[in-house]
>>> print(open('protein-v5.csv').read())   # CSV, C-alpha atoms
chain,number,residue,atom,x,y,z
W,163,MET,CA,0.0,0.0,0.0
W,164,SER,CA,1.4,3.4,-0.9
W,165,LEU,CA,0.4,7.0,-0.6
W,166,GLU,CA,0.3,9.3,-3.5
W,167,PHE,CA,0.2,13.1,-3.3
W,168,ASP,CA,-0.4,15.5,-6.1
W,169,LEU,CA,1.8,18.4,-5.1
W,170,SER,CA,1.3,20.4,-8.4
W,171,GLU,CA,-1.4,22.6,-6.8
W,172,LEU,CA,0.7,23.2,-3.7
W,173,SER,CA,3.7,24.2,-5.8
W,174,LYS,CA,1.5,26.5,-7.9
W,175,LYS,CA,0.1,28.2,-4.8
W,176,LEU,CA,3.6,28.6,-3.3
W,177,SER,CA,4.9,30.2,-6.5
W,178,GLU,CA,2.0,32.6,-6.6
W,179,LEU,CA,2.7,33.5,-2.9
W,180,GLU,CA,6.4,34.0,-3.8
W,181,LYS,CA,5.4,36.4,-6.6
W,182,LYS,CA,3.1,38.4,-4.4
W,183,ALA,CA,5.8,38.6,-1.7
W,184,SER,CA,8.5,39.7,-4.1
W,185,LYS,CA,6.2,42.4,-5.6
W,186,GLN,CA,5.5,43.8,-2.1
W,187,ILE,CA,9.2,43.7,-1.2
W,188,ALA,CA,10.1,45.6,-4.5
W,189,LYS,CA,7.4,48.2,-3.7
W,190,LYS,CA,8.7,48.8,-0.2
W,191,THR,CA,12.2,49.0,-1.5
W,192,LEU,CA,11.4,51.5,-4.2
W,193,LEU,CA,9.3,53.7,-1.9
W,194,ALA,CA,12.2,53.7,0.6
W,195,GLY,CA,14.7,54.7,-2.0
W,196,ALA,CA,12.4,57.5,-3.4
W,197,ASP,CA,12.5,59.6,-0.2
W,198,PRO,CA,16.3,60.3,-0.2
W,199,MET,CA,16.2,61.0,-3.9
W,200,GLU,CA,13.3,63.4,-3.4
W,201,ARG,CA,15.2,65.3,-0.7
W,202,ALA,CA,18.3,65.6,-2.8
W,203,LEU,CA,16.3,67.0,-5.7
W,204,VAL,CA,14.5,69.5,-3.5
W,205,ASP,CA,17.9,70.6,-2.0
W,206,SER,CA,19.4,71.1,-5.5
W,207,ALA,CA,16.4,72.9,-7.0
W,208,PRO,CA,16.9,76.6,-7.7
W,209,MET,CA,15.0,78.8,-5.2
W,210,ASP,CA,13.1,81.6,-6.8
W,211,THR,CA,9.5,81.6,-5.6
W,212,GLY,CA,9.7,78.1,-4.1
W,213,GLU,CA,7.0,76.7,-6.3
W,214,LEU,CA,9.4,74.3,-8.0
W,215,LYS,CA,10.7,72.9,-4.7
W,216,ARG,CA,7.1,72.4,-3.5
W,217,ASN,CA,6.2,70.4,-6.6
W,218,ILE,CA,9.0,67.9,-6.4
W,219,LYS,CA,7.4,64.7,-5.3
W,220,SER,CA,7.8,61.0,-5.6
W,221,ALA,CA,5.0,59.0,-7.2
W,222,LYS,CA,3.1,56.6,-5.0
W,223,ASN,CA,2.4,54.1,-7.8
W,224,ILE,CA,5.1,51.9,-9.2
W,225,THR,CA,5.4,51.0,-12.9
W,226,THR,CA,6.5,47.5,-13.9
W,227,LYS,CA,7.5,46.7,-17.5
W,228,LYS,CA,9.3,43.6,-18.5
W,229,GLY,CA,10.3,42.7,-15.0
W,230,ASN,CA,11.8,46.2,-14.2
W,231,SER,CA,10.0,48.3,-11.5
W,232,THR,CA,10.3,52.0,-11.5
W,233,ILE,CA,9.1,54.9,-9.5
W,234,ASP,CA,8.9,58.5,-10.7
W,235,VAL,CA,10.6,61.2,-8.6
W,236,GLY,CA,10.5,64.9,-9.6
W,237,VAL,CA,8.1,67.3,-11.1
W,238,THR,CA,5.5,65.2,-13.0
W,239,ARG,CA,2.0,65.5,-14.2
W,240,LYS,CA,1.2,62.2,-12.3
W,241,GLU,CA,1.6,64.0,-9.0
W,242,GLY,CA,-0.6,66.9,-9.9
W,243,ALA,CA,2.0,69.5,-11.0
W,244,ALA,CA,0.6,72.2,-13.3
W,245,GLN,CA,2.0,72.3,-16.9
W,246,GLU,CA,3.6,75.7,-16.3
W,247,VAL,CA,5.6,74.3,-13.3
W,248,ILE,CA,6.7,71.3,-15.4
W,249,ASP,CA,7.8,73.7,-18.2
W,250,ARG,CA,9.7,75.9,-15.7
W,251,ALA,CA,11.5,72.9,-14.3
W,252,TYR,CA,12.5,71.9,-17.8
W,253,TYR,CA,13.8,75.4,-18.7
W,254,GLN,CA,15.6,75.8,-15.4
W,255,HIS,CA,17.4,72.6,-16.0
W,256,TYR,CA,18.2,72.8,-19.7
W,257,GLY,CA,18.0,76.5,-20.2
W,258,SER,CA,16.7,78.4,-23.2
W,259,ARG,CA,18.1,80.7,-26.0
W,260,SER,CA,18.7,83.5,-23.7
W,261,ARG,CA,19.5,81.7,-20.4
W,262,ALA,CA,22.0,78.9,-19.6
W,263,GLY,CA,20.7,75.8,-17.9
W,264,THR,CA,21.5,75.0,-14.3
W,265,TYR,CA,21.3,71.2,-14.6
W,266,TRP,CA,19.9,71.0,-11.1
W,267,MET,CA,18.3,67.7,-11.7
W,268,ASP,CA,21.6,66.0,-12.6
W,269,GLU,CA,23.2,67.5,-9.5
W,270,GLY,CA,20.3,66.3,-7.4
W,271,PHE,CA,20.5,62.8,-8.9
W,272,ARG,CA,24.2,62.6,-8.2
W,273,LYS,CA,23.7,63.7,-4.6
W,274,GLY,CA,20.7,61.4,-4.0
W,275,ILE,CA,21.8,58.1,-5.7
W,276,GLU,CA,24.0,56.9,-2.9
W,277,PRO,CA,21.7,57.6,0.0
W,278,ALA,CA,18.8,56.0,-2.0
W,279,LYS,CA,20.9,52.9,-2.7
W,280,GLU,CA,21.8,52.6,1.0
W,281,LYS,CA,18.2,52.9,2.1
W,282,MET,CA,17.1,50.4,-0.5
W,283,ILE,CA,19.7,47.9,0.6
W,284,GLU,CA,18.8,48.4,4.2
W,285,VAL,CA,15.1,47.7,3.5
W,286,LEU,CA,16.0,44.6,1.4
W,287,ARG,CA,18.1,43.2,4.2
W,288,GLU,CA,15.3,43.8,6.7
W,289,GLU,CA,12.7,42.2,4.4
W,290,LEU,CA,14.7,39.2,3.5
W,291,LYS,CA,15.6,38.1,7.1
>>> encode(input="protein-v5.csv", output="structure tokens")
Amino acid sequence: MSLEFDLSELSKKLSELEKKASKQIAKKTLLAGADPMERALVDSAPMDTGELKRNIKSAKNITTKKGNSTIDVGVTRKEGAAQEVIDRAYYQHYGSRSRAGTYWMDEGFRKGIEPAKEKMIEVLREELK
């Protein structure tokens, strides 16, 4: 007499659970890394009226394409910034015919990438214990 078990359903459920857990860990990690990047961009943004700094935000939704997850940080339409603020951010960064660009987004990215990486690694280590 022998016992037979069909483990295909169990393995399918476990793989689904694993996918859900990995998506949640990726979301937590990206959201944690967005905060230091947002602070660095705010610090590097030019201060005129302060409107540009007030409109730098990180998106709360995460986009996943072909296995790569991304989160938007900056002045975006997704987070409710007016088109004139988006245009101002563009011209402040790249400049125009009569005004040189400040490249403040590049500077903010360079300042924020290391703290963002450190925070993301910290969250990953905590979640994978």
>>> atom_distance(input="protein-v5.csv", atom1="CA of Phe271 in chain W", atom2="CA of Glu289 in chain W")
25.7 Å
>>> atom_distance(input="protein-v5.csv", atom1="CA of Lys240 in chain W", atom2="CA of Thr264 in chain W")
24.1 Å
>>> closest_residue(input="protein-v5.csv", among="W:Arg201, W:Lys185, W:Lys291, W:Lys215", to="Ile248 in chain W", atoms="all atoms listed in the file")
W:Lys215
>>> residues_around(input="protein-v5.csv", residues="Ala188 in chain W", least_positions_apart="6", cutoff="10 Å", atoms="all atoms listed in the file", output="list in words")
Ala194, Ile224, Asn230, Ser231, Thr232, Met282, Val285, Leu286 and Glu289 of chain W
>>> closest_residue(input="protein-v5.csv", among="W:Val247, W:Leu290, W:Gln254, W:Glu276", to="Pro208 in chain W", atoms="all atoms listed in the file")
W:Gln254
